[in-house]
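Engineer: What follows is a single structure, and I will ask about it in a moment.
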Amino acid sequence: MKLIILENYSQASEWAAKYIRNRIVQFGPGPGRFFTLGLPTGLPRDHPESYHSFMWNNFFKHIDISPENVHILDGNAPDLQAECDAFEEKIKAAGGIELFVGGIGPDGHIAFNEPGSSLVSRTRVKTLAMDTILANARFFDGDLSKVPTMALTVGVGTVMDAREVMILITGAHKAFALYKAIEDGVNHMWTVSAFQQHPNTVFVCDEDATLELKVKTVKYFKGLMLVHNKLVEPLYSMKEMGAERSQAKKPYSD
Amino acid sequence: MPSNKSVSDAPIVQFTNCRILRDHQLQREDLWVREGKILNPEKLFFDEKGSADVQLDCKDSIIAPGFIDVQINGGFGVDFSLATDDFKSGIDLVSQKILSHGVTSFCPTLVTSPPSVYHQVLPQINVRNGGTHGAGILGAHLEGPFISKEKKGAHPEHCLRTFEAGAFQDLLATYGSLNSVQIVTLAPEMRRSSEVIRELTKRGICVSLGHSVANLSQAEEAVQHGATFITHLFNAMLPFHHRDPGIVGLLTSDKIPAGRRVFYGMISDGIHTNPAALRIAHRAHPKGLVLVTDAIAGMGLAPGRHTLGQQVVEIDGLNTYIAGTKTLSGSVATMDTCVRHFQEATGCSVETALEAASLHPAQLLGIEHKKGTLNYDSDADFLMLNDSLYVQATYIAGEEVWRQDVSGM
């Protein structure tokens with residue numbers, strides 16, 4: 001894995017954004033050649049405003065994505081398992097996920113793959129852990145009885161199939177989960193640890209998230225920042241890419 | 001980008017690189033318009049899988065809802081209180097010219113006149129939507145003749161009337177028809193005014209208090225019967241007195257029925273009201289302030305003599321007096337000037353100044369679900385302004401109806 005440690009939340013976000021941008025530009029997307037960006041499913045569609053509004057306000061309205069290229073799991077579908085299976089098919093049809101971007105919960109879950117989820121699971125209906133329900137209560141005016149207890153989610157196996165995985169982890173409350181994810185063994189109680197077996201993982205975090213890691217680990221990866229920063233500088237743009245694509249190459253691999 | 005809209009095939013325009021006035025704040029958001037209404041882009045994206053057909057770069061302008069002038073007596077040589085043969089073309093001319101001041105809807109105002117004038121003129125005023133031909137007409141504002149002699153201001157005394165004999169029937173006989181009437185200004189201390197106010201309110205006509213010597217209790221009683229507006233606060237009414245605030249006291253009265261708000265018109269041309277008085281009113285009741293021009297025929301023309309109904313007025317700079325006197329009679333300020341002056345004099349935010357000319361008049365007339373805001377599904381009547389609040393372009397129903405000439409000023 002690559003562990004990228006930045007000073008704070010904004011710097012971590014910026015580094016991640018630049019990395020994603022360079023990845024998209026170097027991939028050279030075009031008609032029929034999709035850069036498939038995977039994102040964890042947010043809240044169930046039951047609450048009509050929150051997840052779609054979140055995605056709209058924070059992502060879609062700022063970019064020129066075509067609405068037909070947006071696929072969100074529909075929690076209101078009549079046959080939920082069929083909806084999940086269809087989603088897996090759509091991923092295959094789009095050529096597989098090129099880059100999956102996600103965060104982790106304080107209990108080390110990726111997407112809604114709560115502790116105990118199979119590390120080879122696929123997109124499915126999942127019951128939510130109490131921690132997650134409590135965290136989601138803020139979208140339902142703090143009323144716990146209104147928070148959905150089930151969600152559709154991509155599976156750990158689904159994300160493992162992506163060609164690259166990027167996990168964003170910021171804040172001291174995630175520090176223990178990060179420790180479990182990268183310094184302990186692969187364990188289905190901390191589902192993010194599954195990515196230790198993925199060939200291309202990038203963890204982007206801030207100083208606070210490293211609080212439970214060994215000093216040795218942190219020093220090692222901070223020492224690699226000179227090399228890692230070559231992934232975000234220079235910043236490429238679609239206009240220049242025509243000429244440069246032949247010359248661009250990754251500085252080193254995992 | 002292929003558009004795959006399921007609700008309508010009409011073109012969708014996306015105004016980008018702008019700051020829009022929404023939820024009382026200037027926000028960096030795009031404005032989406034379809035079929036003359038403001039469109040919700042999130043619904044378009046997820047439910048219709050649609051996208052914009054045209055994108056317009058607004059070069060960082062402010063986009064605000066179009067101004068609504070509820071008291072304008074004429075302009076550019078046209079006097080709404082004169083029953084001329086070419087009255088219709090006169091009203092068309094004014095409605096077209098005020099687009100450059102940012103006004104997208106207005107209430108042509110008639111000052112105190114003989115019944116014959118009302119009978120001839122009112123049938124020629126039709127409520128209509130705005131467009132490239134001019135600003136929309138919301139309905140007439142009848143200021144008088146049921147007003148106080150002592151506070152007639154520039155209105156002709158011989159035309160003043162009372163309704164103590166037949167109350168509402170007298171009023172109806174005077175005006176002839178109330179079909180396209182939106183606002184009536186009267187003096188509430190007149191006998192039987194309560195019945196008249198109740199009847200007008202029942203018919204959806206906004207009752208305004210003005211040109212009156214009413215004390216605060218009379219004014220409060222009028223509000224309880226349905227009055228919701230005060231015509232040009234401070235002017236043509238008793239001055240504020242600390243033991244009887246008069247009509248001005250309505251701004252902070254505790255006898256206003258729950259759920260109702262009293263609005264008050266202010267002519268912020270720097271002449272009708274001292275800036276200090278403007279600030280006092282604004283600070284006492286900021287949500288009720290409605291900017292009006294009270295513009296007369298001479299507005300937009302060179303200084304000199306013009307008419308205002310049965311009177312002759314003299315214009316000298318921004319001052320307009322009854323010829324030969326020092327009695328103020330209307331103004332020649334334009335709506336955008338009033339907005340700028342209001343913002344400077346009170347030091348209020350740009351959002352507040354803009355809302356005083358758009359949201360508040362819409363709320364007064366009960367039309368804020370379609371005018372006066374940039375909320376989704378509202379009529380797309382809006383303005384592009386620069387940071388100094390000069391109008392750069394005017395749009396009605398999503399169509400550009402006026403643009404600042406770049407080569408000019």
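Lettering and numbering for the structure tokens are positional, with chains as A, B, ... in the shown order, residues counted from 1 in each chain, and ligands counted from 1 in the shown order.
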Residues within 12 Å of B:Phe168, please, as JSON, numbers by chain. Count only C-alpha atoms; anything in the same chain fewer than 6 positions from it doesn't count.
Structural biologist: {"B": [146, 162, 174, 175, 176, 178, 191, 192, 193, 194, 195, 196, 197, 198, 199, 200, 201, 202, 203]}
Engineer: Fewer than 3 positions away in the same chain doesn't count, so skip those; otherwise give me all residues within 7 Å of stretch 117-133 of chain A, counting only C-alpha atoms, as an NGL selection string.
Structural biologist: :A and (81 or 84-85 or 88 or 113-114 or 136-137 or 147 or 149-158 or 188 or 191 or 194)
Engineer: Please find the residues of chain B near chain A - the criterion being any atom within 7 Å, counting only C-alpha atoms - and write them as a ChimeraX atom specification.
Structural biologist: /B:1,42,45-46,49-50
Engineer: For stretch 118-126 of chain B, please output as an MDAnalysis selection string all residues within 9 Å (counting only C-alpha atoms; exclusion window: fewer than 3 positions along the same chain).
Structural biologist: chainID B and resid 80:84 87:88 91 108 110 113:115 137:140 174:181
Engineer: Taking 5 positions as the minimum chain separation for residues in the same chain, which residues sit within 10 Å of stretch 195-198 of chain A when counting only C-alpha atoms? Answer as a ChimeraX atom specification.
Structural biologist: /A:1,119,156-157,159-167,181-186
Engineer: State, in Å with one decimal place, the distance from atom CA of B:Gly130 to atom CA of B:Thr104.
Structural biologist: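 Between atom CA of B:Gly130 and atom CA of B:Thr104 the gap works out to 6.8 Å.
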Engineer: May I have all residues of stretch 26-240 of chain A that DSSP, computed from the backbone, assigns to strand (DSSP E), given as number ranges by chain?
Structural biologist: A: 37-38, 99-103, 124-127, 150-153, 165-169, 201-206
Engineer: Between atom CA of B:Val207 and atom CA of B:Ala173, what distance in Å does the model show, to one decimal?
Structural biologist: 17.7 Å
Engineer: What lies within 10 Å of B:Arg22 using only C-alpha atoms, ignoring chain neighbours under 4 positions off, as a PyMOL selection string?
Structural biologist: chain B and resi 26-29+63-65+351+373-375
Engineer: Would you save the residues from that selection as a CSV table (one decimal), in the first residue's frame, using all heavy atoms?
Structural biologist:
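File produced: again22.csv:
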chain,number,residue,atom,x,y,z
B,26,LEU,N,-26.7,35.8,-0.7
B,26,LEU,CA,-26.1,35.7,-2.1
B,26,LEU,C,-25.3,34.4,-2.0
B,26,LEU,O,-24.4,34.2,-1.2
B,26,LEU,CB,-25.2,36.8,-2.4
B,26,LEU,CG,-25.8,38.1,-2.8
B,26,LEU,CD1,-24.8,39.2,-3.1
B,26,LEU,CD2,-26.7,37.9,-4.1
B,27,GLN,N,-25.6,33.4,-2.9
B,27,GLN,CA,-24.9,32.1,-2.9
B,27,GLN,C,-24.3,31.9,-4.3
B,27,GLN,O,-24.8,32.3,-5.3
B,27,GLN,CB,-25.9,31.0,-2.7
B,27,GLN,CG,-26.8,31.2,-1.4
B,27,GLN,CD,-27.7,30.0,-1.3
B,27,GLN,OE1,-27.8,29.1,-2.1
B,27,GLN,NE2,-28.5,30.1,-0.2
B,28,ARG,N,-23.2,31.2,-4.2
B,28,ARG,CA,-22.5,30.9,-5.5
B,28,ARG,C,-23.2,29.6,-6.0
B,28,ARG,O,-22.8,28.5,-5.7
B,28,ARG,CB,-21.0,30.7,-5.3
B,28,ARG,CG,-20.3,30.8,-6.7
B,28,ARG,CD,-18.8,31.2,-6.5
B,28,ARG,NE,-18.6,32.6,-6.7
B,28,ARG,CZ,-18.8,33.3,-7.8
B,28,ARG,NH1,-19.3,32.7,-8.9
B,28,ARG,NH2,-18.5,34.6,-7.9
B,29,GLU,N,-24.2,29.8,-6.9
B,29,GLU,CA,-25.0,28.7,-7.4
B,29,GLU,C,-25.3,29.0,-8.8
B,29,GLU,O,-25.4,30.2,-9.2
B,29,GLU,CB,-26.3,28.5,-6.7
B,29,GLU,CG,-26.2,28.1,-5.2
B,29,GLU,CD,-26.0,26.6,-5.1
B,29,GLU,OE1,-26.2,25.9,-6.1
B,29,GLU,OE2,-25.6,26.1,-4.1
B,63,ILE,N,-27.3,37.9,-9.4
B,63,ILE,CA,-28.6,37.6,-10.0
B,63,ILE,C,-29.7,37.8,-8.9
B,63,ILE,O,-29.6,37.1,-7.9
B,63,ILE,CB,-28.7,36.2,-10.7
B,63,ILE,CG1,-27.8,36.2,-11.8
B,63,ILE,CG2,-30.2,36.0,-11.2
B,63,ILE,CD1,-28.0,35.0,-12.7
B,64,ALA,N,-30.6,38.7,-9.1
B,64,ALA,CA,-31.6,39.0,-8.1
B,64,ALA,C,-33.0,38.9,-8.7
B,64,ALA,O,-33.1,39.1,-9.9
B,64,ALA,CB,-31.4,40.3,-7.5
B,65,PRO,N,-34.0,38.6,-7.9
B,65,PRO,CA,-35.4,38.6,-8.5
B,65,PRO,C,-35.7,40.0,-9.0
B,65,PRO,O,-35.2,41.1,-8.5
B,65,PRO,CB,-36.3,38.3,-7.3
B,65,PRO,CG,-35.4,37.9,-6.2
B,65,PRO,CD,-34.1,38.4,-6.5
B,351,GLU,N,-28.2,42.0,0.1
B,351,GLU,CA,-29.4,41.1,0.1
B,351,GLU,C,-30.6,41.8,0.6
B,351,GLU,O,-31.7,41.7,0.1
B,351,GLU,CB,-29.1,39.9,1.0
B,351,GLU,CG,-28.1,38.9,0.4
B,351,GLU,CD,-26.7,39.2,1.0
B,351,GLU,OE1,-26.3,40.4,1.2
B,351,GLU,OE2,-25.9,38.2,1.1
B,373,THR,N,-38.9,36.0,-5.8
B,373,THR,CA,-37.8,35.1,-5.3
B,373,THR,C,-37.2,34.4,-6.5
B,373,THR,O,-37.8,34.4,-7.5
B,373,THR,CB,-38.3,34.1,-4.3
B,373,THR,OG1,-39.1,33.1,-4.9
B,373,THR,CG2,-39.1,34.7,-3.1
B,374,LEU,N,-36.1,33.7,-6.2
B,374,LEU,CA,-35.6,32.8,-7.2
B,374,LEU,C,-35.7,31.3,-6.8
B,374,LEU,O,-35.0,30.5,-7.1
B,374,LEU,CB,-34.1,33.1,-7.4
B,374,LEU,CG,-33.8,34.5,-7.9
B,374,LEU,CD1,-32.3,34.7,-7.9
B,374,LEU,CD2,-34.3,34.7,-9.3
B,375,ASN,N,-36.8,31.1,-6.0
B,375,ASN,CA,-37.1,29.7,-5.6
B,375,ASN,C,-37.5,28.8,-6.8
B,375,ASN,O,-38.0,29.4,-7.8
B,375,ASN,CB,-38.2,29.7,-4.5
B,375,ASN,CG,-37.7,30.4,-3.3
B,375,ASN,OD1,-36.5,30.5,-3.0
B,375,ASN,ND2,-38.7,30.8,-2.4
Engineer: Skipping near chain neighbours, those fewer than 4 positions away, what residues fall within 12 Å of B:Leu233 using only C-alpha atoms, listed as a VMD selection string?
Structural biologist: chain B and resid 208 to 212 229 237 to 240 246 to 251 262 to 268 272 to 274 277 to 278 280 to 282 288 to 292 294
